[in-house]
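Shown next: input-v1.cif, containing mmCIF, C-alpha atoms.
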data_coords
loop_
_atom_site.label_atom_id
_atom_site.label_comp_id
_atom_site.auth_asym_id
_atom_site.auth_seq_id
_atom_site.Cartn_x
_atom_site.Cartn_y
_atom_site.Cartn_z
CA MET A 1 0.00 0.00 0.00
CA PRO A 2 2.59 2.66 0.93
CA GLU A 3 4.81 1.68 -1.98
CA ARG A 4 1.81 1.68 -4.29
CA ALA A 5 0.56 5.07 -3.05
CA HIS A 6 4.06 6.50 -3.34
CA ALA A 7 4.52 5.08 -6.83
CA GLN A 8 1.16 6.53 -7.88
CA ALA A 9 2.11 9.92 -6.46
CA VAL A 10 5.44 9.91 -8.26
CA GLU A 11 3.78 8.82 -11.52
CA LEU A 12 1.15 11.54 -11.23
CA THR A 13 3.72 14.18 -10.46
CA ASN A 14 5.97 13.06 -13.29
CA ARG A 15 3.03 13.20 -15.68
CA LEU A 16 2.11 16.68 -14.47
CA ALA A 17 5.72 17.80 -14.89
CA LYS A 18 5.71 16.45 -18.46
CA LEU A 19 2.44 18.23 -19.24
CA VAL A 20 3.77 21.51 -17.86
CA GLU A 21 6.95 21.06 -19.88
CA GLU A 22 4.93 20.40 -23.05
CA SER A 23 2.40 23.16 -22.42
CA GLU A 24 2.36 26.25 -24.60
CA PRO A 25 3.14 28.85 -21.92
CA ALA A 26 6.45 28.59 -20.16
CA GLN A 27 6.61 27.20 -16.62
CA ALA A 28 7.01 30.71 -15.25
CA ALA A 29 3.77 31.78 -16.93
CA VAL A 30 1.90 28.76 -15.55
CA ALA A 31 3.17 29.58 -12.04
CA ALA A 32 2.22 33.23 -12.42
CA ASP A 33 -1.30 32.34 -13.64
CA LEU A 34 -1.80 30.19 -10.58
CA GLY A 35 -0.41 32.81 -8.22
CA TRP A 36 2.41 30.48 -7.22
CA SER A 37 6.10 31.21 -7.04
CA ARG A 38 8.17 29.56 -9.73
CA SER A 39 10.11 27.67 -7.08
CA HIS A 40 6.90 26.25 -5.58
CA LEU A 41 5.80 24.91 -8.96
CA SER A 42 9.24 23.54 -9.59
CA ASN A 43 9.35 21.91 -6.15
CA VAL A 44 5.99 20.18 -6.41
CA LEU A 45 6.81 18.93 -9.90
CA ARG A 46 10.08 17.51 -8.66
CA TYR A 47 8.33 15.94 -5.66
CA ARG A 48 10.31 18.08 -3.23
CA GLN A 49 7.07 19.49 -1.81
CA PRO A 50 3.73 17.66 -1.53
CA LEU A 51 1.11 18.61 -4.09
CA LYS A 52 -2.24 19.43 -2.49
CA VAL A 53 -5.37 18.13 -4.16
CA SER A 54 -6.64 21.70 -4.47
CA GLU A 55 -3.36 22.59 -6.20
CA LEU A 56 -3.71 19.55 -8.42
CA PHE A 57 -7.17 20.78 -9.45
CA ALA A 58 -5.83 24.28 -10.15
CA LEU A 59 -2.88 23.01 -12.15
CA CYS A 60 -5.02 20.60 -14.20
CA ASP A 61 -7.45 23.42 -14.91
CA ARG A 62 -4.62 25.65 -16.10
CA LEU A 63 -3.32 22.87 -18.35
CA GLY A 64 -6.79 22.22 -19.75
CA ILE A 65 -7.08 18.65 -18.49
CA GLY A 66 -9.20 17.04 -15.79
CA PRO A 67 -7.82 15.45 -12.62
CA THR A 68 -9.76 12.31 -13.56
CA ASP A 69 -7.81 12.20 -16.81
CA LEU A 70 -4.57 12.45 -14.97
CA ILE A 71 -5.51 9.79 -12.45
CA SER A 72 -7.24 7.35 -14.77
CA GLN A 73 -4.33 7.21 -17.19
CA LYS A 74 -2.05 6.09 -14.41
CA VAL A 75 -4.20 3.89 -12.17
CA ALA A 76 -5.36 0.84 -14.13
CA PRO A 77 -8.14 -0.41 -11.80
CA ALA A 78 -9.51 3.11 -11.54
CA ARG A 79 -9.51 3.44 -15.33
CA GLN A 80 -11.70 0.35 -15.67
CA ALA A 81 -14.07 1.59 -13.01
CA THR A 82 -14.37 5.04 -14.57
CA ALA A 83 -15.66 3.65 -17.86
CA SER A 84 -18.64 2.14 -16.05
CA PHE A 85 -19.03 5.09 -13.70
CA GLN A 86 -20.72 7.44 -16.15
CA GLY A 87 -24.12 5.82 -15.67
CA GLU A 88 -23.74 6.05 -11.91
CA LEU A 89 -22.83 9.73 -12.12
CA GLU A 90 -25.97 10.24 -14.21
CA GLU A 91 -28.04 8.84 -11.32
CA PHE A 92 -26.46 11.37 -8.93
CA ILE A 93 -27.15 14.22 -11.35
CA GLN A 94 -30.79 13.20 -11.75
CA ALA A 95 -31.17 13.14 -7.95
CA ALA A 96 -29.54 16.59 -7.74
CA ALA A 97 -31.90 17.94 -10.43
CA ARG A 98 -34.89 16.62 -8.44
CA ALA A 99 -33.51 18.46 -5.40
CA GLY A 100 -33.52 21.72 -7.40
CA TYR A 101 -29.86 22.06 -8.37
CA ASN A 102 -28.99 23.63 -11.69
CA GLU A 103 -29.00 20.58 -13.93
CA GLU A 104 -27.30 22.39 -16.79
CA ILE A 105 -24.19 23.15 -14.76
CA LEU A 106 -24.02 19.63 -13.35
CA ARG A 107 -24.49 18.14 -16.80
CA ARG A 108 -21.76 20.35 -18.29
CA ILE A 109 -19.32 19.08 -15.68
CA MET A 110 -20.58 15.55 -16.25
CA ASP A 111 -19.94 15.95 -20.02
CA LEU A 112 -16.39 17.03 -19.29
CA VAL A 113 -15.82 14.01 -17.09
CA THR A 114 -17.38 11.75 -19.77
CA GLN A 115 -15.16 13.20 -22.48
CA LEU A 116 -12.13 12.55 -20.33
CA GLY A 117 -13.28 8.95 -19.81
CA ARG A 118 -13.75 8.46 -23.61
CA LYS A 119 -10.39 10.02 -24.34
CA ASP A 120 -8.87 7.68 -21.81
CA ALA A 121 -10.56 4.63 -23.35
CA ARG A 122 -8.95 5.46 -26.72
CA MET B 1 -34.01 26.11 -11.44
CA LYS B 2 -32.43 26.85 -8.09
CA ARG B 3 -34.76 26.96 -5.13
CA ALA B 4 -34.48 30.08 -3.02
CA LYS B 5 -33.72 29.42 0.62
CA PRO B 6 -35.16 31.69 3.29
CA THR B 7 -32.50 33.63 5.10
CA THR B 8 -31.67 32.80 8.69
CA ALA B 9 -33.20 36.08 9.86
CA ARG B 10 -36.43 35.38 8.00
CA ARG B 11 -36.63 31.88 9.36
CA LEU B 12 -35.99 33.19 12.88
CA ALA B 13 -38.71 35.81 12.43
CA SER B 14 -41.18 33.03 11.65
CA VAL B 15 -40.58 31.33 15.02
CA ARG B 16 -43.80 31.59 17.07
CA ASP B 17 -43.57 28.80 19.64
CA ALA B 18 -41.27 26.16 21.10
CA ALA B 19 -41.99 23.69 18.28
CA ASP B 20 -40.98 26.33 15.69
CA LEU B 21 -37.80 27.00 17.67
CA VAL B 22 -36.94 23.28 17.63
CA ARG B 23 -37.36 23.26 13.83
CA TYR B 24 -35.35 26.47 13.46
CA SER B 25 -32.48 25.14 15.60
CA TYR B 26 -32.44 21.83 13.66
CA GLY B 27 -31.92 23.84 10.46
CA LEU B 28 -28.63 25.17 11.85
CA ARG B 29 -27.05 21.75 12.40
CA HIS B 30 -24.79 21.71 9.34
CA GLN B 31 -24.07 25.39 9.00
CA ASP B 32 -23.30 26.18 12.62
CA PRO B 33 -23.29 23.28 15.11
CA ARG B 34 -22.58 25.51 18.11
CA SER B 35 -25.54 27.77 17.37
CA TYR B 36 -27.63 24.63 16.83
CA LEU B 37 -26.80 23.54 20.38
CA ASP B 38 -27.38 26.98 21.90
CA THR B 39 -30.74 27.35 20.18
CA ALA B 40 -31.74 23.76 21.03
CA LYS B 41 -31.11 24.56 24.72
CA VAL B 42 -33.34 27.63 24.47
CA ALA B 43 -36.01 25.49 22.79
CA VAL B 44 -35.94 23.06 25.73
CA ILE B 45 -36.49 25.93 28.16
CA ALA B 46 -39.22 27.38 25.95
CA SER B 47 -40.99 24.02 25.77
CA ARG B 48 -41.47 23.66 29.55
CA THR B 49 -45.11 24.70 29.41
CA SER B 50 -45.79 22.96 26.08
CA PRO B 51 -47.55 19.62 25.51
CA ALA B 52 -45.53 16.45 26.12
CA THR B 53 -44.99 15.91 22.37
CA VAL B 54 -43.25 19.27 22.02
CA GLN B 55 -41.14 18.65 25.12
CA ALA B 56 -40.13 15.26 23.68
CA GLN B 57 -39.17 17.00 20.40
CA ALA B 58 -37.17 19.65 22.24
CA TRP B 59 -35.21 17.20 24.42
CA SER B 60 -34.62 14.81 21.55
CA ASN B 61 -33.41 17.71 19.39
CA MET B 62 -31.06 18.85 22.15
CA GLY B 63 -29.69 15.29 22.42
CA ASN B 64 -28.95 15.44 18.71
CA ALA B 65 -27.26 18.84 19.02
CA LEU B 66 -25.10 17.62 21.91
CA ARG B 67 -24.15 14.56 19.88
CA ILE B 68 -23.15 16.69 16.88
CA CYS B 69 -20.99 18.81 19.20
CA GLY B 70 -19.25 15.64 20.46
CA ARG B 71 -20.83 15.65 23.94
CA LEU B 72 -22.06 12.08 23.91
CA GLY B 73 -22.71 11.68 27.66
CA PRO B 74 -25.05 14.68 28.00
CA ALA B 75 -26.57 13.71 24.63
CA ARG B 76 -27.55 10.31 26.00
CA ARG B 77 -29.14 11.93 29.06
CA ALA B 78 -31.14 14.36 26.89
CA LEU B 79 -32.36 11.50 24.69
CA GLU B 80 -33.41 9.56 27.80
CA ILE B 81 -35.38 12.57 29.07
CA ALA B 82 -37.10 12.69 25.67
CA ASP B 83 -38.01 8.98 26.10
CA GLY B 84 -39.79 9.95 29.33
CA PHE B 85 -42.27 12.09 27.35
CA ASN B 86 -43.33 9.00 25.34
CA PRO B 87 -42.88 10.41 21.82
CA GLU B 88 -45.17 9.00 19.13
CA GLY B 89 -45.58 9.01 15.36
CA ASP B 90 -43.28 11.36 13.44
CA CYS B 91 -41.74 12.60 16.66
CA LEU B 92 -40.82 9.04 17.71
CA ALA B 93 -39.44 8.22 14.25
CA ARG B 94 -37.16 11.27 14.31
CA HIS B 95 -36.18 10.49 17.92
CA LEU B 96 -35.17 6.97 16.86
CA ARG B 97 -33.06 8.46 14.05
CA PHE B 98 -31.30 10.73 16.56
CA ARG B 99 -30.71 7.70 18.81
CA ALA B 100 -29.26 5.80 15.86
CA SER B 101 -26.92 8.71 15.12
CA TRP B 102 -25.81 8.68 18.76
CA HIS B 103 -25.03 4.95 18.53
CA LEU B 104 -23.18 5.65 15.29
CA ALA B 105 -21.09 8.35 16.96
CA ARG B 106 -20.00 5.70 19.48
CA HIS B 107 -19.40 3.21 16.67
CA ASP B 108 -21.92 0.88 18.29
CA LEU B 109 -22.94 -0.39 14.88
CA ALA B 110 -25.27 -3.19 15.96
CA ALA B 111 -27.36 -0.80 18.09
CA ALA B 112 -27.37 1.81 15.31
CA ALA B 113 -28.56 -0.74 12.72
CA GLU B 114 -31.31 -2.05 15.03
CA THR B 115 -32.55 1.47 15.90
CA LEU B 116 -32.58 2.41 12.21
CA ARG B 117 -34.61 -0.71 11.42
CA GLU B 118 -37.19 0.37 14.04
CA ALA B 119 -37.28 3.89 12.61
CA ALA B 120 -37.58 2.68 9.01
CA GLU B 121 -40.49 0.37 9.93
CA LEU B 122 -42.23 3.25 11.67
CA TYR B 123 -41.74 5.55 8.66
CA LEU B 124 -43.15 2.81 6.44
CA ARG B 125 -46.27 2.59 8.65
CA LEU B 126 -46.54 6.39 8.58
CA GLY B 127 -46.28 6.39 4.77
CA ASP B 128 -43.23 8.66 4.77
CA PRO B 129 -40.82 7.64 1.94
CA LYS B 130 -38.41 10.49 2.70
CA GLY B 131 -38.15 9.28 6.29
CA THR B 132 -37.37 5.79 5.02
CA ALA B 133 -34.77 7.25 2.64
CA THR B 134 -33.16 9.09 5.57
CA CYS B 135 -32.88 5.80 7.47
CA ASN B 136 -31.33 4.14 4.40
CA VAL B 137 -28.72 6.88 4.10
CA LYS B 138 -27.82 6.42 7.76
CA TYR B 139 -27.72 2.65 7.27
CA ALA B 140 -25.19 3.22 4.50
CA ILE B 141 -23.01 4.94 7.11
CA VAL B 142 -23.31 1.83 9.30
CA LEU B 143 -22.17 -0.30 6.37
CA ALA B 144 -19.26 2.04 5.62
CA TYR B 145 -18.15 1.95 9.26
CA ARG B 146 -18.52 -1.83 9.18
CA GLY B 147 -15.92 -1.94 6.43
CA GLU B 148 -18.41 -2.61 3.61
CA PRO B 149 -17.98 0.46 1.35
CA ALA B 150 -19.28 -1.30 -1.77
CA ALA B 151 -22.51 -2.23 0.03
CA ALA B 152 -22.80 1.31 1.43
CA TYR B 153 -22.42 2.75 -2.07
CA GLU B 154 -25.12 0.45 -3.44
CA VAL B 155 -27.56 1.42 -0.67
CA ILE B 156 -26.99 5.08 -1.57
CA ARG B 157 -27.57 4.45 -5.29
CA ARG B 158 -30.82 2.60 -4.57
CA THR B 159 -31.96 5.40 -2.24
CA LEU B 160 -31.21 8.32 -4.62
CA PRO B 161 -34.63 8.27 -6.39
CA ALA B 162 -36.48 8.55 -3.05
CA ILE B 163 -34.56 11.59 -1.82
CA GLY B 164 -36.75 14.05 -3.71
CA ASP B 165 -36.18 17.73 -2.95
CA ASP B 166 -34.33 17.25 0.34
CA ARG B 167 -30.96 18.84 -0.35
CA ASP B 168 -29.52 18.01 3.08
CA LEU B 169 -30.29 14.34 2.56
CA LEU B 170 -28.92 14.41 -0.99
CA ARG B 171 -25.72 16.00 0.27
CA ALA B 172 -25.36 13.36 2.99
CA ALA B 173 -25.92 10.61 0.41
CA TRP B 174 -23.39 12.14 -1.98
CA ASP B 175 -20.90 12.50 0.87
CA ILE B 176 -21.16 8.83 1.89
CA ALA B 177 -20.85 7.73 -1.73
CA LEU B 178 -17.68 9.81 -2.07
CA PHE B 179 -16.08 8.32 1.03
CA ALA B 180 -17.16 4.80 -0.02
CA LEU B 181 -15.45 5.26 -3.40
CA ILE B 182 -12.25 6.47 -1.71
CA GLU B 183 -12.35 3.51 0.71
CA GLU B 184 -12.74 1.20 -2.30
CA ASP B 185 -9.69 2.81 -3.90
CA ARG B 186 -11.82 4.02 -6.85
CA LEU B 187 -9.86 7.26 -6.91
CA ALA B 188 -10.79 8.39 -10.43
CA ASP B 189 -14.49 7.85 -9.67
CA ALA B 190 -14.13 9.73 -6.38
CA PHE B 191 -12.53 12.64 -8.24
CA ALA B 192 -15.36 12.60 -10.78
CA LEU B 193 -18.03 12.59 -8.07
CA LEU B 194 -16.24 15.41 -6.26
CA LEU B 195 -15.97 17.47 -9.44
CA VAL B 196 -19.59 17.00 -10.49
CA GLY B 197 -20.90 17.48 -6.96
CA GLN B 198 -18.98 20.61 -5.98
CA GLU B 199 -22.06 22.82 -6.03
CA VAL B 200 -24.00 20.28 -3.98
CA PHE B 201 -21.23 19.92 -1.42
CA TYR B 202 -20.27 23.54 -0.93
CA GLU B 203 -23.85 24.68 -0.48
CA GLY B 204 -23.82 22.59 2.71
CA GLY B 205 -21.87 25.24 4.60
CA GLU B 206 -19.07 24.86 7.09
CA ALA B 207 -19.65 21.22 8.05
CA TYR B 208 -19.50 20.12 4.40
CA ARG B 209 -16.58 22.39 3.60
CA LEU B 210 -14.66 20.43 6.23
CA LYS B 211 -16.00 17.08 5.01
CA ILE B 212 -14.85 17.88 1.50
CA ARG B 213 -11.45 18.84 2.84
CA TRP B 214 -11.47 15.46 4.57
CA ALA B 215 -12.18 13.70 1.25
CA GLU B 216 -9.49 15.78 -0.48
CA GLY B 217 -7.14 14.99 2.40
CA LEU B 218 -7.71 11.27 2.00
CA LEU B 219 -7.13 11.49 -1.74
CA SER B 220 -4.03 13.57 -1.11
CA ALA B 221 -2.80 11.06 1.48
CA ARG B 222 -3.17 8.29 -1.07
CA MET B 223 -0.99 10.39 -3.34
CA GLY B 224 1.69 10.83 -0.71
CA SER B 225 0.94 13.93 1.37
CA LEU B 226 -0.49 14.03 4.90
CA SER B 227 -0.40 17.81 5.26
CA MET B 228 -4.03 18.39 4.25
CA LEU B 229 -5.28 15.88 6.82
CA GLU B 230 -3.04 17.42 9.48
CA GLY B 231 -4.45 20.88 8.78
CA LEU B 232 -7.97 19.50 8.93
CA ARG B 233 -7.33 17.73 12.25
CA ASP B 234 -6.15 21.02 13.73
CA GLU B 235 -9.14 22.91 12.35
CA TYR B 236 -11.61 20.40 13.77
CA ALA B 237 -9.81 20.60 17.13
CA SER B 238 -9.90 24.40 17.18
CA ASN B 239 -13.65 24.23 16.39
CA GLY B 240 -14.15 21.99 19.43
CA GLN B 241 -15.17 19.06 17.18
CA VAL B 242 -12.98 16.64 19.08
CA LEU B 243 -14.47 13.42 17.74
CA GLU B 244 -13.89 14.45 14.13
CA ALA B 245 -10.39 15.65 15.05
CA ALA B 246 -9.64 12.25 16.57
CA GLN B 247 -11.05 10.42 13.56
CA VAL B 248 -8.88 12.45 11.19
CA ALA B 249 -5.91 11.76 13.47
CA ILE B 250 -6.61 8.03 13.13
CA ASP B 251 -6.67 8.41 9.36
CA ILE B 252 -3.28 10.15 9.53
CA ALA B 253 -1.96 7.46 11.88
CA ARG B 254 -3.16 4.78 9.45
CA PHE B 255 -1.27 6.29 6.52
CA ALA B 256 1.78 7.07 8.69
CA ALA B 257 1.88 3.49 9.98
CA LEU B 258 1.63 2.10 6.47
CA ARG B 259 4.55 4.27 5.42
CA GLY B 260 6.61 3.53 8.51
CA GLN B 261 6.51 7.19 9.60
CA GLN B 262 6.85 6.43 13.31
CA GLU B 263 6.83 10.00 14.58
CA GLU B 264 3.65 10.99 12.71
CA PHE B 265 2.06 7.76 13.80
CA SER B 266 2.91 8.33 17.50
CA VAL B 267 1.81 11.97 17.51
CA ASN B 268 -1.58 11.15 15.99
CA ALA B 269 -2.15 7.95 17.93
CA SER B 270 -1.36 9.76 21.17
CA TYR B 271 -3.76 12.52 20.16
CA ALA B 272 -6.68 10.30 19.12
CA GLY B 273 -6.51 7.57 21.74
CA PRO B 274 -7.47 9.49 24.91
CA ILE B 275 -10.15 11.48 23.07
CA LEU B 276 -11.86 8.35 21.77
CA ALA B 277 -11.55 6.68 25.18
CA SER B 278 -13.01 9.70 27.00
CA LEU B 279 -15.93 9.72 24.58
CA GLY B 280 -16.58 6.03 25.16
CA VAL B 281 -16.08 5.36 21.48
CA SER B 282 -15.12 1.84 20.53
CA VAL B 283 -12.69 1.09 17.75
CA PRO B 284 -13.59 2.85 14.46
CA SER B 285 -14.31 -0.09 12.24
CA THR B 286 -13.83 0.72 8.61
CA ALA B 287 -11.32 -1.84 7.49
CA GLY B 288 -8.47 0.66 7.30
CA GLN B 289 -9.31 2.40 10.55
CA LEU B 290 -9.59 -0.93 12.32
CA ASP B 291 -6.05 -1.73 11.23
CA ALA B 292 -4.87 1.58 12.65
CA ALA B 293 -6.79 0.99 15.87
CA ARG B 294 -5.22 -2.44 16.24
CA LEU B 295 -1.85 -0.76 15.90
CA LEU B 296 -2.94 1.80 18.46
CA LEU B 297 -3.86 -0.96 20.82
CA ARG B 298 -0.60 -2.80 20.39
CA LEU B 299 1.72 0.18 20.39
CA GLN B 300 -0.03 2.61 22.69
CA GLY B 301 -2.01 0.34 24.99
CA PHE B 302 -5.10 2.51 25.18
CA GLY B 303 -7.36 -0.47 25.86
CA PHE B 304 -9.96 -0.03 23.12
CA THR B 305 -12.62 -2.69 22.83
CA GLN B 306 -14.63 -3.71 19.80
CA GLY B 307 -17.93 -3.42 21.64
CA ALA B 308 -18.99 -0.14 23.21
CA PRO B 309 -17.94 -0.04 26.87
CA SER B 310 -20.87 0.47 29.20
CA GLY B 311 -21.01 3.47 31.48
CA SER B 312 -18.21 5.25 29.72
CA THR B 313 -19.98 7.93 27.77
CA GLN B 314 -18.80 10.96 29.67
CA ALA B 315 -18.37 14.19 27.84
CA PRO B 316 -14.84 14.95 26.69
CA PRO B 317 -12.81 17.11 29.02
CA SER B 318 -13.68 20.72 28.26
#
Can you dump the structure from the file as structure tokens?
Amino acid sequence: MPERAHAQAVELTNRLAKLVEESEPAQAAVAADLGWSRSHLSNVLRYRQPLKVSELFALCDRLGIGPTDLISQKVAPARQATASFQGELEEFIQAAARAGYNEEILRRIMDLVTQLGRKDAR
Amino acid sequence: MKRAKPTTARRLASVRDAADLVRYSYGLRHQDPRSYLDTAKVAVIASRTSPATVQAQAWSNMGNALRICGRLGPARRALEIADGFNPEGDCLARHLRFRASWHLARHDLAAAAETLREAAELYLRLGDPKGTATCNVKYAIVLAYRGEPAAAYEVIRRTLPAIGDDRDLLRAAWDIALFALIEEDRLADAFALLLVGQEVFYEGGEAYRLKIRWAEGLLSARMGSLSMLEGLRDEYASNGQVLEAAQVAIDIARFAALRGQQEEFSVNASYAGPILASLGVSVPSTAGQLDAARLLLRLQGFGFTQGAPSGSTQAPPS
């Protein structure tokens, strides 16, 4: 378990680092957009500082990818589960719509998650 | 279409008697647990000249508020006083739910399941599907604590259609599903549920903000960092939510033990052990937490037992 969690963390971070490296704006611009110092971005991408989930969300958003995409490409059992999870998410959205939540917003997010799942399946 | 919620001031202005005050205070439980308790106490005082049913509601409600604030001993006494007013019908069903939540807080899972069964049967007789759905959601918590996250998740999925327009219940259901997915190691699905449900979660106020941080902390811990959970433990402690603080500490201890981080393990085990013991809480029994508690028992010698110890439900030291 610890080795697995650590390996997953390193894999995720390495993938993030690669995406930042390949991204159109330079690393400094990505850091500036996020309101981070360049050294903080560099440190989390080199696994010298832990990456918070909220930071992961922010970084993924800046790079135009979803956290689910990042995770599901690296965690095989999770990838399999995600493909079958879309129908379950739909049930949650329907329940939220019945409770009066804005279905359009929920469905837009759901579509994003679905697209990421399809992309992953390819 | 988003449903407009009456403001707190407007809801307070509509309070006309003790029964209204009980309902008003109950509405504060997620947003502001301390105010919930304060208002529940006032409702008990206000109900002194009311019919027995209202007094039962008021005492039962105060028991629930005390439980939410981690004061399990006084909560039990308040619930017992409510018993003395012989609640019936809806009032009894809600009282049974509060009792079940109290058992859950002590991780007395058998008692919680049995009390929920009684409540669900009563709701069925009363023809109240939302009441039954509430019992199902709580039963899912029992299953999650019992180390059966997949079963808990399935109960939630089956219950979703019956939740209707109750946003608090929906949020609770969504929350349990999220934790069940994390427990099952379905991290991508947990992320997806968290992303899609952000609006649902964050509308729940302070209590849910902290619960979401807990979920994020668990995900973060699985990716190698304990700092989010540590921050959350400290925040719960500073809020006076000692039971939640201890539970987060056990989560940290579990991950620290698995990674061989002895110092983090000792700090968190030392923190959680006496709090859980003083609350009369038996070993938290999700599979992972049970492992950590076994380690606690072996390494720290706090003397936890699987069953709930009798006569040990004093309030935590203030």
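Distances here use only C-alpha atoms; by that measure, the residue among B:Tyr145, B:Trp214, B:Trp102, B:Trp59 closest to chain A is B:Trp214.
Rounded to one decimal, atom CA of B:Ala18 and atom CA of B:Ala46 lie 5.4 Å from each other.
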Within 10 Å of chain A, which residues of chain B come that close, and what is the closest atom pair and distance in Å for each? Count only C-alpha atoms and give it as CSV.
residue,atom,partner,partner_atom,distance
B:Met1,CA,A:Asn102,CA,5.6
B:Lys2,CA,A:Gly100,CA,5.3
B:Arg3,CA,A:Gly100,CA,5.8
B:Ala4,CA,A:Gly100,CA,9.5
B:Ile156,CA,A:Phe92,CA,9.7
B:Arg157,CA,A:Glu91,CA,7.5
B:Arg158,CA,A:Glu91,CA,9.6
B:Thr159,CA,A:Ala95,CA,9.7
B:Leu160,CA,A:Ala95,CA,5.9
B:Pro161,CA,A:Ala95,CA,6.2
B:Ala162,CA,A:Ala95,CA,8.6
B:Ile163,CA,A:Ala95,CA,7.2
B:Gly164,CA,A:Arg98,CA,5.7
B:Asp165,CA,A:Ala99,CA,3.7
B:Asp166,CA,A:Ala99,CA,5.9
B:Arg167,CA,A:Ala99,CA,5.7
B:Asp168,CA,A:Ala99,CA,9.4
B:Leu169,CA,A:Ala99,CA,9.5
B:Leu170,CA,A:Ala96,CA,7.1
B:Arg171,CA,A:Ala96,CA,8.9
B:Ala173,CA,A:Phe92,CA,9.4
B:Trp174,CA,A:Phe92,CA,7.6
B:Ala177,CA,A:Phe92,CA,9.8
B:Glu184,CA,A:Ala78,CA,10.0
B:Asp185,CA,A:Ala78,CA,7.6
B:Arg186,CA,A:Ala78,CA,5.3
B:Leu187,CA,A:Ala78,CA,6.2
B:Ala188,CA,A:Thr68,CA,5.1
B:Asp189,CA,A:Thr82,CA,5.6
B:Ala190,CA,A:Thr68,CA,8.8
B:Phe191,CA,A:Thr68,CA,6.0
B:Ala192,CA,A:Thr68,CA,6.3
B:Leu193,CA,A:Leu89,CA,6.9
B:Leu195,CA,A:Ile109,CA,7.3
B:Val196,CA,A:Ile109,CA,5.6
B:Gly197,CA,A:Leu106,CA,7.4
B:Gln198,CA,A:Leu106,CA,9.0
B:Glu199,CA,A:Tyr101,CA,8.2
B:Val200,CA,A:Tyr101,CA,7.5
B:Arg213,CA,A:Ser54,CA,9.2
B:Ala215,CA,A:Val53,CA,9.8
B:Glu216,CA,A:Val53,CA,6.0
B:Gly217,CA,A:Val53,CA,7.5
B:Leu218,CA,A:Val53,CA,9.5
B:Leu219,CA,A:Val53,CA,7.3
B:Ser220,CA,A:Val53,CA,5.6
B:Ala221,CA,A:Ala5,CA,8.2
B:Arg222,CA,A:Ala5,CA,5.3
B:Met223,CA,A:Ala9,CA,4.4
B:Gly224,CA,A:His6,CA,5.6
B:Ser225,CA,A:Pro50,CA,5.5
B:Leu226,CA,A:Pro50,CA,8.5
B:Ser227,CA,A:Pro50,CA,7.9
B:Met228,CA,A:Lys52,CA,7.1
B:Phe255,CA,A:Pro2,CA,7.7
B:Ala256,CA,A:Pro2,CA,9.0
B:Ala257,CA,A:Pro2,CA,9.1
B:Leu258,CA,A:Pro2,CA,5.7
B:Arg259,CA,A:Pro2,CA,5.2
B:Gly260,CA,A:Pro2,CA,8.6
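As for atom CA of B:Ile182 and atom CA of B:Ala150, they are spaced 10.5 Å apart.
Atom CA of B:Val155 is positioned 7.3 Å from atom CA of B:Val137.
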_Quick one: residues within 9 Å of A:Leu63, all atoms listed in the file, excluding same-chain residues fewer than 5 positions away - as a ChimeraX atom specification?_
/A:19-20,23,30,58
_Selection in question (the file shown): the PyMOL selection byres ((chain B and resi 204) around 10). Which residues does it include, as an MDAnalysis selection string?_
chainID B and resid 30:31 167:168 171:172 199:203 205:209 211
_Residue neighbourhood B:Leu210, 9 Å, only C-alpha atoms, exclusion window fewer than 6 positions, as a PyMOL selection string_ = chain B and resi 232+235-236
_Selection: 12 Å around A:Asp33, all atoms listed in the file, excl. self and same-chain fewer than 4 positions, as an MDAnalysis selection string_ = chainID A and resid 25:29 37:38 41 58:59 61:63
Surrounding residues of stretch 246-254 of chain B excluding itself and chain neighbours under 3 positions, 7 Å, all atoms listed in the file, as a PDB file with C-alpha atoms, in the coordinates of the input:
ATOM      1  CA  LEU B 226      -0.490  14.030   4.900  1.00  0.00           C
ATOM      2  CA  LEU B 229      -5.280  15.880   6.820  1.00  0.00           C
ATOM      3  CA  ARG B 233      -7.330  17.730  12.250  1.00  0.00           C
ATOM      4  CA  VAL B 242     -12.980  16.640  19.080  1.00  0.00           C
ATOM      5  CA  LEU B 243     -14.470  13.420  17.740  1.00  0.00           C
ATOM      6  CA  ALA B 257       1.880   3.490   9.980  1.00  0.00           C
ATOM      7  CA  LEU B 258       1.630   2.100   6.470  1.00  0.00           C
ATOM      8  CA  GLU B 264       3.650  10.990  12.710  1.00  0.00           C
ATOM      9  CA  PHE B 265       2.060   7.760  13.800  1.00  0.00           C
ATOM     10  CA  ASN B 268      -1.580  11.150  15.990  1.00  0.00           C
ATOM     11  CA  ALA B 269      -2.150   7.950  17.930  1.00  0.00           C
ATOM     12  CA  TYR B 271      -3.760  12.520  20.160  1.00  0.00           C
ATOM     13  CA  ALA B 272      -6.680  10.300  19.120  1.00  0.00           C
ATOM     14  CA  ILE B 275     -10.150  11.480  23.070  1.00  0.00           C
ATOM     15  CA  LEU B 276     -11.860   8.350  21.770  1.00  0.00           C
ATOM     16  CA  GLN B 289      -9.310   2.400  10.550  1.00  0.00           C
ATOM     17  CA  ALA B 292      -4.870   1.580  12.650  1.00  0.00           C
TER      18      ALA B 292
END
